[in-house]
$ cat model30.cif   # mmCIF, C-alpha atoms
data_query
loop_
_atom_site.label_atom_id
_atom_site.label_comp_id
_atom_site.auth_asym_id
_atom_site.auth_seq_id
_atom_site.Cartn_x
_atom_site.Cartn_y
_atom_site.Cartn_z
CA MET A 206 30.90 67.36 -19.29
CA LYS A 207 30.56 64.57 -16.72
CA LYS A 208 32.33 64.56 -13.36
CA ALA A 209 34.10 61.35 -12.29
CA ALA A 210 35.54 60.21 -8.97
CA ILE A 211 37.68 57.16 -8.19
CA ILE A 212 37.66 55.02 -5.04
CA GLY A 213 40.79 52.89 -4.57
CA LEU A 214 44.26 54.02 -5.65
CA GLY A 215 45.79 50.56 -6.17
CA ASP A 216 47.16 48.74 -9.20
CA ILE A 217 44.27 49.45 -11.59
CA TYR A 218 43.85 53.10 -10.55
CA PRO A 219 46.33 54.52 -13.13
CA ILE A 220 44.42 52.80 -15.95
CA HIS A 221 41.12 54.40 -14.96
CA LEU A 222 42.81 57.73 -14.34
CA SER A 223 44.41 57.70 -17.79
CA ALA A 224 41.12 56.78 -19.48
CA ILE A 225 39.34 59.65 -17.73
CA GLU A 226 42.07 62.16 -18.52
CA LYS A 227 42.08 61.20 -22.22
CA ASN A 228 38.33 61.65 -22.56
CA HIS A 229 37.46 65.31 -23.20
CA ASN A 230 33.90 64.72 -22.03
CA ILE A 231 34.96 63.64 -18.51
CA THR A 232 36.64 65.60 -15.74
CA LEU A 233 38.08 64.07 -12.58
CA CYS A 234 36.66 65.79 -9.50
CA ALA A 235 38.06 63.68 -6.62
CA VAL A 236 39.85 60.48 -5.57
CA CYS A 237 39.58 58.40 -2.40
CA ASP A 238 41.61 55.80 -0.50
CA ILE A 239 41.76 54.81 3.16
CA ASP A 240 45.57 54.92 2.97
CA GLN A 241 46.67 58.51 3.63
CA ALA A 242 50.06 57.75 2.06
CA LYS A 243 48.35 57.47 -1.34
CA ARG A 244 47.45 61.15 -1.22
CA THR A 245 50.55 61.71 -3.38
CA LEU A 246 48.89 59.69 -6.17
CA ALA A 247 46.11 62.23 -6.59
CA PRO A 248 46.64 64.50 -9.61
CA GLU A 249 47.63 68.06 -8.77
CA GLY A 250 44.63 70.11 -7.67
CA ILE A 251 42.33 67.09 -7.27
CA PRO A 252 40.81 66.66 -3.78
CA PHE A 253 41.83 63.49 -1.89
CA TYR A 254 39.44 61.81 0.55
CA THR A 255 39.66 58.87 2.92
CA ASP A 256 35.85 58.55 3.27
CA TYR A 257 34.04 57.78 0.01
CA LYS A 258 30.62 58.78 1.33
CA GLU A 259 31.96 62.18 2.32
CA MET A 260 33.55 62.50 -1.11
CA ALA A 261 30.31 61.59 -2.87
CA ILE A 262 28.22 64.04 -0.84
CA LYS A 263 30.64 66.95 -1.14
CA GLU A 264 31.82 66.54 -4.75
CA LYS A 265 28.59 65.16 -6.27
CA PRO A 266 30.25 63.24 -9.14
CA ASP A 267 28.14 61.97 -12.01
CA CYS A 268 29.90 58.61 -11.79
CA ILE A 269 32.08 56.88 -9.21
CA HIS A 270 34.68 54.30 -10.25
CA ILE A 271 35.10 51.34 -7.89
CA CYS A 272 38.74 50.18 -8.03
CA LEU A 273 38.76 48.31 -4.73
CA PRO A 274 39.54 44.72 -3.63
CA HIS A 275 36.97 42.16 -4.76
CA TYR A 276 35.05 41.87 -1.48
CA LEU A 277 34.21 45.59 -1.56
CA HIS A 278 32.82 45.74 -5.11
CA TYR A 279 29.21 44.92 -4.30
CA PRO A 280 28.78 46.51 -0.84
CA VAL A 281 30.37 49.83 -1.83
CA SER A 282 28.47 49.89 -5.14
CA LYS A 283 25.24 49.19 -3.25
CA GLU A 284 25.77 52.10 -0.87
CA LEU A 285 26.55 54.51 -3.68
CA VAL A 286 23.70 53.37 -5.93
CA GLU A 287 21.25 53.75 -3.04
CA MET A 288 22.65 57.27 -2.56
CA GLY A 289 21.74 57.98 -6.19
CA PHE A 290 25.16 57.77 -7.89
CA HIS A 291 26.04 56.03 -11.14
CA VAL A 292 28.80 53.44 -10.66
CA PHE A 293 31.49 51.96 -12.88
CA CYS A 294 32.84 48.87 -11.12
CA GLU A 295 35.97 46.85 -11.78
CA LYS A 296 35.77 43.08 -12.22
CA PRO A 297 34.74 40.73 -10.72
CA VAL A 298 31.13 41.76 -10.36
CA ALA A 299 30.85 39.70 -7.15
CA LEU A 300 32.56 37.09 -4.97
CA ASN A 301 30.03 34.34 -5.73
CA CYS A 302 26.66 33.58 -7.31
CA GLU A 303 24.61 34.67 -4.31
CA GLU A 304 26.26 38.07 -4.21
CA ALA A 305 25.99 38.41 -8.00
CA GLU A 306 22.23 37.80 -7.79
CA ARG A 307 21.91 40.46 -5.08
CA PHE A 308 23.79 42.85 -7.37
CA VAL A 309 21.41 42.07 -10.24
CA GLN A 310 18.45 42.74 -7.92
CA LEU A 311 20.03 46.07 -6.97
CA GLU A 312 20.36 46.95 -10.64
CA GLU A 313 16.74 46.01 -11.34
CA ALA A 314 15.51 48.01 -8.35
CA HIS A 315 17.31 51.18 -9.51
CA LYS A 316 16.60 51.35 -13.22
CA ASN A 317 17.37 55.07 -13.27
CA ILE A 318 20.93 54.39 -12.08
CA HIS A 319 23.60 53.06 -14.46
CA ILE A 320 25.96 50.37 -13.13
CA GLY A 321 28.74 49.49 -15.58
CA ILE A 322 31.03 46.48 -15.13
CA CYS A 323 34.60 46.58 -16.43
CA LEU A 324 34.87 43.49 -18.62
CA GLN A 325 36.91 45.52 -21.07
CA ASN A 326 38.26 42.61 -23.13
CA ARG A 327 34.87 42.37 -24.82
CA ARG A 328 35.81 45.68 -26.43
CA ASN A 329 39.21 44.56 -27.76
CA GLU A 330 39.39 44.97 -31.53
CA THR A 331 40.19 41.28 -31.93
CA VAL A 332 37.14 40.23 -29.91
CA GLU A 333 34.79 42.69 -31.61
CA THR A 334 35.91 41.42 -35.02
CA LEU A 335 35.57 37.76 -34.04
CA LYS A 336 32.16 38.40 -32.47
CA ALA A 337 30.96 40.01 -35.70
CA ILE A 338 32.23 37.00 -37.71
CA ILE A 339 30.41 34.57 -35.42
CA ASP A 340 27.18 36.58 -35.41
CA SER A 341 27.19 36.89 -39.21
CA GLY A 342 26.64 33.14 -39.56
CA ASP A 343 28.89 33.06 -42.63
CA TYR A 344 31.08 30.36 -41.09
CA GLY A 345 28.27 28.36 -39.50
CA LYS A 346 27.71 27.76 -35.81
CA VAL A 347 30.30 27.44 -33.04
CA VAL A 348 31.38 23.81 -32.55
CA GLY A 349 34.30 24.31 -30.14
CA THR A 350 36.21 26.83 -28.05
CA ARG A 351 39.48 26.94 -26.13
CA GLY A 352 40.82 29.48 -23.67
CA ILE A 353 44.27 29.27 -22.08
CA VAL A 354 45.80 31.62 -19.50
CA PRO A 355 49.42 30.54 -18.77
CA TRP A 356 50.62 33.06 -16.19
CA TYR A 357 52.92 33.20 -13.17
CA ARG A 358 52.64 34.91 -9.81
CA GLU A 359 55.33 34.94 -7.14
CA GLU A 360 54.30 34.33 -3.54
CA SER A 361 55.10 37.97 -2.81
CA TYR A 362 52.13 38.89 -5.01
CA TYR A 363 49.85 37.45 -2.32
CA LYS A 364 51.90 38.59 0.68
CA GLN A 365 51.91 42.22 -0.47
CA LYS A 366 48.09 42.22 -0.57
CA PRO A 367 46.87 39.30 1.59
CA TRP A 368 43.23 39.72 0.51
CA ARG A 369 44.19 38.16 -2.83
CA GLY A 370 44.80 34.70 -1.40
CA LYS A 371 41.67 34.35 0.73
CA TRP A 372 38.22 33.04 -0.15
CA GLU A 373 36.43 35.61 2.00
CA THR A 374 38.05 38.63 0.35
CA ALA A 375 39.07 37.47 -3.15
CA GLY A 376 36.35 34.91 -3.87
CA GLY A 377 38.90 32.57 -5.45
CA GLY A 378 42.31 32.49 -7.08
CA CYS A 379 43.48 32.29 -10.67
CA MET A 380 39.95 32.19 -12.10
CA ILE A 381 38.33 35.21 -10.48
CA ASN A 382 41.53 37.25 -10.38
CA GLN A 383 43.62 36.46 -13.48
CA SER A 384 41.41 34.64 -15.98
CA ILE A 385 37.86 35.92 -15.48
CA HIS A 386 38.11 37.88 -18.74
CA THR A 387 39.00 34.75 -20.71
CA LEU A 388 36.19 32.75 -19.13
CA ASP A 389 33.80 35.58 -19.90
CA LEU A 390 34.91 35.59 -23.56
CA LEU A 391 34.33 31.84 -23.92
CA TYR A 392 30.72 32.49 -22.94
CA TYR A 393 30.40 35.78 -24.84
CA LEU A 394 31.76 34.30 -28.08
CA GLY A 395 30.64 30.69 -27.78
CA GLY A 396 27.12 31.15 -26.48
CA GLU A 397 25.11 29.83 -23.55
CA ILE A 398 26.87 27.19 -21.43
CA SER A 399 24.78 24.43 -19.86
CA GLY A 400 27.39 22.77 -17.65
CA VAL A 401 31.01 22.15 -16.73
CA LYS A 402 33.33 19.42 -15.49
CA ALA A 403 36.61 20.51 -13.95
CA THR A 404 39.68 19.93 -11.84
CA VAL A 405 40.75 22.67 -9.46
CA SER A 406 44.09 22.51 -7.66
CA LYS A 407 47.00 24.20 -5.95
CA LEU A 408 50.34 23.37 -7.57
CA LEU A 409 52.36 26.09 -5.89
CA ASP A 410 53.59 25.70 -2.33
CA TYR A 411 52.22 29.06 -1.28
CA ASP A 412 50.50 29.98 1.96
CA ILE A 413 47.16 30.82 0.30
CA GLU A 414 43.66 29.37 0.49
CA VAL A 415 42.64 29.74 -3.15
CA GLU A 416 43.34 27.77 -6.33
CA ASP A 417 46.27 28.49 -8.64
CA THR A 418 45.44 26.06 -11.48
CA VAL A 419 42.19 25.03 -13.21
CA THR A 420 41.23 22.81 -16.12
CA ALA A 421 37.60 22.69 -17.20
CA GLN A 422 35.49 21.28 -19.99
CA LEU A 423 32.59 23.51 -21.00
CA PHE A 424 29.36 22.12 -22.46
CA TYR A 425 27.40 24.56 -24.63
CA ASN A 426 23.64 24.54 -25.17
CA ASN A 427 24.12 24.02 -28.91
CA GLY A 428 26.25 20.89 -28.42
CA ALA A 429 29.64 22.57 -28.74
CA LYS A 430 32.40 21.82 -26.27
CA GLY A 431 35.08 24.06 -24.83
CA LEU A 432 38.34 23.74 -22.94
CA PHE A 433 39.41 26.27 -20.31
CA VAL A 434 42.87 26.15 -18.74
CA ALA A 435 44.16 28.77 -16.31
CA THR A 436 47.19 28.86 -14.05
CA VAL A 437 49.54 31.17 -12.23
CA ALA A 438 52.01 28.30 -11.82
CA ASN A 439 53.65 28.80 -15.22
CA TYR A 440 57.32 29.81 -15.28
CA LYS A 441 56.45 33.23 -16.75
CA ASN A 442 53.54 35.28 -18.06
CA GLU A 443 52.65 34.24 -21.60
CA SER A 444 49.94 35.34 -23.98
CA VAL A 445 46.33 34.44 -23.36
CA GLN A 446 44.97 32.25 -26.15
CA VAL A 447 41.34 32.14 -27.28
CA THR A 448 40.29 29.83 -30.12
CA VAL A 449 36.83 29.47 -31.67
CA GLN A 450 36.09 26.63 -34.08
CA LEU A 451 33.15 27.24 -36.40
CA GLU A 452 31.64 24.77 -38.86
CA LYS A 453 33.42 26.43 -41.78
CA GLY A 454 36.48 27.98 -40.20
CA GLU A 455 38.73 28.41 -37.19
CA PHE A 456 39.86 31.65 -35.56
CA ARG A 457 42.48 32.27 -32.90
CA ILE A 458 43.43 35.24 -30.75
CA TYR A 459 47.05 35.07 -29.65
CA ASP A 460 49.38 37.82 -28.48
CA ASN A 461 46.55 40.34 -29.03
CA VAL A 462 46.22 39.43 -32.71
CA LEU A 463 43.23 37.73 -34.36
CA TYR A 464 44.17 35.08 -36.91
CA GLU A 465 42.17 32.92 -39.26
CA VAL A 466 43.56 29.38 -39.26
CA LEU A 467 43.77 28.35 -42.90
CA GLU A 468 43.22 24.82 -44.21
CA ASP A 469 46.96 24.24 -44.52
CA GLY A 470 47.47 25.23 -40.89
CA ASN A 471 49.02 28.62 -41.63
CA LEU A 472 47.72 31.72 -39.86
CA LYS A 473 46.23 34.70 -41.66
CA LYS A 474 46.46 37.90 -39.60
CA MET A 475 43.18 39.82 -39.48
CA ILE A 476 43.45 42.57 -36.84
CA GLU A 477 45.54 43.54 -33.82
CA ASP A 478 44.43 45.14 -30.56
CA ARG A 479 45.55 48.64 -29.73
CA LYS A 480 48.05 48.75 -26.88
CA VAL A 481 48.92 51.35 -24.30
CA SER A 482 52.62 51.83 -23.65
CA GLY A 483 53.81 51.65 -20.06
CA THR A 484 51.09 49.25 -18.88
CA LYS A 485 50.98 45.50 -18.32
CA PHE A 486 50.86 43.66 -21.65
CA TYR A 487 47.50 42.05 -20.92
CA TYR A 488 45.69 45.32 -20.08
CA GLY A 489 45.42 46.41 -23.69
CA ALA A 490 43.74 49.72 -24.51
CA SER A 491 40.09 48.81 -24.04
CA HIS A 492 39.64 50.38 -20.60
CA GLU A 493 39.61 53.71 -22.39
CA LYS A 494 37.04 52.44 -24.87
CA ILE A 495 34.70 50.84 -22.36
CA ILE A 496 34.82 53.81 -19.98
CA GLY A 497 34.08 56.18 -22.86
CA GLU A 498 31.19 53.95 -23.87
CA PHE A 499 29.75 54.05 -20.35
CA TYR A 500 29.86 57.85 -20.16
CA GLU A 501 28.20 58.09 -23.56
CA ALA A 502 25.40 55.95 -22.14
CA LEU A 503 25.08 58.39 -19.25
CA GLU A 504 24.72 61.25 -21.74
CA LYS A 505 22.18 59.44 -23.89
CA GLU A 506 20.38 57.69 -21.03
CA ASP A 507 20.64 54.33 -22.81
CA ASN A 508 21.83 50.82 -21.87
CA THR A 509 24.63 50.24 -24.40
CA TYR A 510 27.21 49.12 -21.85
CA ILE A 511 28.09 45.96 -19.92
CA LYS A 512 25.60 45.69 -17.09
CA VAL A 513 25.59 43.61 -13.91
CA SER A 514 23.17 41.16 -15.54
CA ASP A 515 25.64 40.71 -18.43
CA ALA A 516 28.56 40.06 -16.08
CA LYS A 517 26.98 37.58 -13.66
CA MET A 518 27.54 34.58 -15.97
CA SER A 519 31.30 34.75 -15.40
CA ILE A 520 30.65 34.28 -11.66
CA ARG A 521 28.16 31.45 -12.27
CA LEU A 522 30.78 29.68 -14.37
CA ILE A 523 33.47 30.15 -11.72
CA ASP A 524 31.17 28.82 -8.99
CA GLY A 525 30.26 25.84 -11.17
CA ILE A 526 33.90 25.04 -11.89
CA GLN A 527 34.77 25.30 -8.19
CA LYS A 528 31.93 22.93 -7.29
CA SER A 529 32.91 20.45 -10.00
CA GLY A 530 36.50 20.59 -8.83
CA LYS A 531 35.42 19.58 -5.33
CA THR A 532 33.02 16.81 -6.36
CA GLY A 533 34.67 15.54 -9.53
CA GLN A 534 31.24 15.57 -11.14
CA TYR A 535 29.51 17.40 -13.97
CA VAL A 536 27.81 20.56 -12.68
CA GLU A 537 24.86 22.17 -14.40
CA ILE A 538 25.10 25.94 -14.85
#
$ encode --input "model30.cif" --output "structure tokens"
Amino acid sequence: MKKAAIIGLGDIYPIHLSAIEKNHNITLCAVCDIDQAKRTLAPEGIPFYTDYKEMAIKEKPDCIHICLPHYLHYPVSKELVEMGFHVFCEKPVALNCEEAERFVQLEEAHKNIHIGICLQNRRNETVETLKAIIDSGDYGKVVGTRGIVPWYREESYYKQKPWRGKWETAGGGCMINQSIHTLDLLYYLGGEISGVKATVSKLLDYDIEVEDTVTAQLFYNNGAKGLFVATVANYKNESVQVTVQLEKGEFRIYDNVLYEVLEDGNLKKMIEDRKVSGTKFYYGASHEKIIGEFYEALEKEDNTYIKVSDAKMSIRLIDGIQKSGKTGQYVEI
């Protein structure tokens, strides 16, 4: 039985809490938040702390979940790893490439410590099935990809938590916050990306620093091309769409269902993601799966989980797209 603790009792906290409570091999030993008012969110009988170092020293958890604002992911993880604790960190892995590289160096310097990154959409049933199809080679190589995130955020979303709209604390806008999973999947499914060309803009008249809309062309090492579109300026939240074109077939994930696109244009349903009732439609059920996977790795002392080095490409892509958006030029990744 492994002991878990959680730092940060914000929006994503209930998802991690639920995943821990559903796993019979994990027990929650403590939670932590600097806001005393969130003490009421701690499960009955679970100690509540406002100092995560004190919590770590007193409770000695096997793993500490980082569910904090973006700018705290790396520094808090660093402190805990150097104290000897395993860490499971929410996305994004870092604010920018430089910080991501420092995180990778931390991981390499502490090979006895496991650092898992929560890119849970890689563990969606639709993605796992499509990944297996691509890797089989039965349909030939990838020749094109497309990822679309058509979402909407009111200005109150940023006013309620001002760190979201600032470069220094969020690291960006719709890419790093809303669509990092989709960008990660375009790399994970499509393969190595050599460069990007993009436009980055603010369509909404909000008092924020960061982008709300992005369009990017992705250039893959094997000659394939991809299109990435993300916005929070849509009129509502709609389903993320991921399409992969192979030499001998086309596959599309839409509304959490994987379809094969037949020659006549009709869609053949292949598999649907599990969903968790009472959560946001885009969360899916893969937090439970990826957290369970990480704790199994702790038991077995193996590396079968998403590491910092696996997650850094999403940040490299975001930085490249931001740079291309500013210069209007192709940027090598």
$ atom_distance --input "model30.cif" --atom1 "CA of Tyr257 in chain A" --atom2 "CA of Ala210 in chain A"
9.4 Å
$ atom_distance --input "model30.cif" --atom1 "CA of Thr232 in chain A" --atom2 "CA of Asp267 in chain A"
10.0 Å
$ resolve_selection --input "model30.cif" --expression "the PyMOL selection byres ((chain A and resi 370) around 10)" --output "list in words"
Glu360, Tyr362, Tyr363, Lys364, Lys366, Pro367, Trp368, Arg369, Lys371, Trp372, Glu373, Thr374, Ala375, Gly376, Gly377, Gly378, Cys379, Asn382, Tyr411, Asp412, Ile413, Glu414, Val415, Glu416 and Asp417 of chain A
$ resolve_selection --input "model30.cif" --expression "the PyMOL selection byres ((chain A and resi 320) around 9)" --output "ChimeraX atom specification"
/A:282,286,291-294,312,318-319,321-322,499,510-513
$ residues_around --input "model30.cif" --residues "range 450-466 of chain A" --least-positions-apart "3" --cutoff "9 Å" --atoms "only C-alpha atoms" --output "ChimeraX atom specification"
/A:329-332,334-335,339,343-351,443-447,469-480,487,489
$ resolve_selection --input "model30.cif" --expression "the PyMOL selection byres ((chain A and resi 381) around 10)" --output "list in words"
His275, Lys296, Pro297, Val298, Ala299, Leu300, Asn301, Ala375, Gly376, Gly377, Gly378, Cys379, Met380, Asn382, Gln383, Ser384, Ile385, His386, Leu388, Glu416, Ser519, Ile520, Ile523 and Asp524 of chain A
$ closest_residue --input "model30.cif" --among "A:Lys336, A:His229, A:Lys402, A:Arg358" --to "Val449 in chain A" --atoms "all atoms listed in the file"
A:Lys336
$ atom_distance --input "model30.cif" --atom1 "CA of Asp389 in chain A" --atom2 "CA of Ala435 in chain A"
12.9 Å
$ residues_near_point --input "model30.cif" --point "(41.2, 19.3, -15.7)" --cutoff "8 Å" --atoms "all atoms listed in the file" --output "ChimeraX atom specification"
/A:402-405,419-422,434
$ write_last_selection --input "model30.cif" --atoms "C-alpha atoms" --output "PDB file, in the coordinates of the input"
ATOM      1  CA  LYS A 402      33.330  19.420 -15.490  1.00  0.00           C
ATOM      2  CA  ALA A 403      36.610  20.510 -13.950  1.00  0.00           C
ATOM      3  CA  THR A 404      39.680  19.930 -11.840  1.00  0.00           C
ATOM      4  CA  VAL A 405      40.750  22.670  -9.460  1.00  0.00           C
ATOM      5  CA  VAL A 419      42.190  25.030 -13.210  1.00  0.00           C
ATOM      6  CA  THR A 420      41.230  22.810 -16.120  1.00  0.00           C
ATOM      7  CA  ALA A 421      37.600  22.690 -17.200  1.00  0.00           C
ATOM      8  CA  GLN A 422      35.490  21.280 -19.990  1.00  0.00           C
ATOM      9  CA  VAL A 434      42.870  26.150 -18.740  1.00  0.00           C
TER      10      VAL A 434
END
$ residues_around --input "model30.cif" --residues "Leu311 in chain A" --least-positions-apart "2" --cutoff "10 Å" --atoms "all atoms listed in the file" --output "MDAnalysis selection string"
chainID A and resid 279 282:283 286:287 305:309 313:316 318 320 513
$ residues_around --input "model30.cif" --residues "Glu264 in chain A" --least-positions-apart "5" --cutoff "10 Å" --atoms "only C-alpha atoms" --output "PyMOL selection string"
chain A and resi 208-210+234-235+252+258-259
$ write_last_selection --input "model30.cif" --atoms "C-alpha atoms" --output "compact mmCIF listing (two decimals), keeping the file's coordinate frame"
# COMPACT_ATOMS: atom_id res chain seq x y z
CA LYS A 208 32.33 64.56 -13.36
CA ALA A 209 34.10 61.35 -12.29
CA ALA A 210 35.54 60.21 -8.97
CA CYS A 234 36.66 65.79 -9.50
CA ALA A 235 38.06 63.68 -6.62
CA PRO A 252 40.81 66.66 -3.78
CA LYS A 258 30.62 58.78 1.33
CA GLU A 259 31.96 62.18 2.32
$ closest_residue --input "model30.cif" --among "A:Lys265, A:Lys207, A:Lys243, A:Arg328" --to "Glu498 in chain A" --atoms "all atoms listed in the file"
A:Arg328
$ residues_around --input "model30.cif" --residues "Glu537 in chain A" --least-positions-apart "4" --cutoff "12 Å" --atoms "all atoms listed in the file" --output "JSON, numbers by chain"
{"A": [397, 398, 399, 400, 401, 402, 403, 423, 424, 425, 426, 521, 522, 524, 525, 526, 528, 529]}
$ closest_residue --input "model30.cif" --among "A:Asn317, A:Cys237, A:His270, A:Ile220" --to "Asp507 in chain A" --atoms "all atoms listed in the file"
A:Asn317
$ closest_residue --input "model30.cif" --among "A:Ile211, A:Val236, A:Thr255, A:Ile269" --to "Met288 in chain A" --atoms "all atoms listed in the file"
A:Ile269
$ closest_residue --input "model30.cif" --among "A:Tyr393, A:Gly428, A:Pro266, A:Lys517" --to "Glu304 in chain A" --atoms "all atoms listed in the file"
A:Lys517
$ closest_residue --input "model30.cif" --among "A:Met206, A:Leu214, A:Met260, A:Ala337" --to "Asn228 in chain A" --atoms "only C-alpha atoms"
A:Met206
$ axis_aligned_box --input "model30.cif" --around "range 319-324 of chain A" --padding-each-side "5 Å" --output "JSON"
{"center_x": 29.2, "center_y": 48.3, "center_z": -15.9, "size_x": 21.3, "size_y": 19.6, "size_z": 15.5}
$ build_atoms --input "model30.cif" --residues "range 239-252 of chain A" --atoms "N, CA, C and O atoms" --output "PDB file, in the frame of the given file"
ATOM      1  N   ILE A 239      41.627  54.780   1.703  1.00  0.00           N
ATOM      2  CA  ILE A 239      41.760  54.810   3.160  1.00  0.00           C
ATOM      3  C   ILE A 239      43.217  55.012   3.598  1.00  0.00           C
ATOM      4  O   ILE A 239      43.483  55.384   4.741  1.00  0.00           O
ATOM      5  N   ASP A 240      44.148  54.767   2.678  1.00  0.00           N
ATOM      6  CA  ASP A 240      45.570  54.920   2.970  1.00  0.00           C
ATOM      7  C   ASP A 240      46.006  56.365   2.708  1.00  0.00           C
ATOM      8  O   ASP A 240      46.106  56.791   1.561  1.00  0.00           O
ATOM      9  N   GLN A 241      46.274  57.103   3.767  1.00  0.00           N
ATOM     10  CA  GLN A 241      46.670  58.510   3.630  1.00  0.00           C
ATOM     11  C   GLN A 241      47.924  58.672   2.790  1.00  0.00           C
ATOM     12  O   GLN A 241      48.107  59.694   2.115  1.00  0.00           O
ATOM     13  N   ALA A 242      48.810  57.655   2.807  1.00  0.00           N
ATOM     14  CA  ALA A 242      50.060  57.750   2.060  1.00  0.00           C
ATOM     15  C   ALA A 242      49.825  57.852   0.552  1.00  0.00           C
ATOM     16  O   ALA A 242      50.698  58.318  -0.191  1.00  0.00           O
ATOM     17  N   LYS A 243      48.652  57.428   0.097  1.00  0.00           N
ATOM     18  CA  LYS A 243      48.350  57.470  -1.340  1.00  0.00           C
ATOM     19  C   LYS A 243      47.861  58.850  -1.792  1.00  0.00           C
ATOM     20  O   LYS A 243      47.536  59.040  -2.962  1.00  0.00           O
ATOM     21  N   ARG A 244      47.825  59.779  -0.874  1.00  0.00           N
ATOM     22  CA  ARG A 244      47.450  61.150  -1.220  1.00  0.00           C
ATOM     23  C   ARG A 244      48.342  61.685  -2.347  1.00  0.00           C
ATOM     24  O   ARG A 244      47.906  62.484  -3.186  1.00  0.00           O
ATOM     25  N   THR A 245      49.600  61.241  -2.360  1.00  0.00           N
ATOM     26  CA  THR A 245      50.550  61.710  -3.380  1.00  0.00           C
ATOM     27  C   THR A 245      50.182  61.223  -4.779  1.00  0.00           C
ATOM     28  O   THR A 245      50.708  61.737  -5.769  1.00  0.00           O
ATOM     29  N   LEU A 246      49.297  60.218  -4.867  1.00  0.00           N
ATOM     30  CA  LEU A 246      48.890  59.690  -6.170  1.00  0.00           C
ATOM     31  C   LEU A 246      47.759  60.490  -6.799  1.00  0.00           C
ATOM     32  O   LEU A 246      47.419  60.281  -7.964  1.00  0.00           O
ATOM     33  N   ALA A 247      47.169  61.386  -6.037  1.00  0.00           N
ATOM     34  CA  ALA A 247      46.110  62.230  -6.590  1.00  0.00           C
ATOM     35  C   ALA A 247      46.715  63.259  -7.543  1.00  0.00           C
ATOM     36  O   ALA A 247      47.736  63.863  -7.224  1.00  0.00           O
ATOM     37  N   PRO A 248      46.131  63.463  -8.707  1.00  0.00           N
ATOM     38  CA  PRO A 248      46.640  64.500  -9.610  1.00  0.00           C
ATOM     39  C   PRO A 248      46.626  65.868  -8.940  1.00  0.00           C
ATOM     40  O   PRO A 248      45.806  66.121  -8.054  1.00  0.00           O
ATOM     41  N   GLU A 249      47.513  66.729  -9.362  1.00  0.00           N
ATOM     42  CA  GLU A 249      47.630  68.060  -8.770  1.00  0.00           C
ATOM     43  C   GLU A 249      46.290  68.810  -8.852  1.00  0.00           C
ATOM     44  O   GLU A 249      45.653  68.870  -9.902  1.00  0.00           O
ATOM     45  N   GLY A 250      45.870  69.329  -7.723  1.00  0.00           N
ATOM     46  CA  GLY A 250      44.630  70.110  -7.670  1.00  0.00           C
ATOM     47  C   GLY A 250      43.377  69.287  -7.478  1.00  0.00           C
ATOM     48  O   GLY A 250      42.283  69.851  -7.366  1.00  0.00           O
ATOM     49  N   ILE A 251      43.503  67.951  -7.439  1.00  0.00           N
ATOM     50  CA  ILE A 251      42.330  67.090  -7.270  1.00  0.00           C
ATOM     51  C   ILE A 251      42.177  66.722  -5.804  1.00  0.00           C
ATOM     52  O   ILE A 251      43.108  66.187  -5.184  1.00  0.00           O
ATOM     53  N   PRO A 252      41.020  66.965  -5.198  1.00  0.00           N
ATOM     54  CA  PRO A 252      40.810  66.660  -3.780  1.00  0.00           C
ATOM     55  C   PRO A 252      40.991  65.157  -3.485  1.00  0.00           C
ATOM     56  O   PRO A 252      40.561  64.311  -4.274  1.00  0.00           O
TER      57      PRO A 252
END
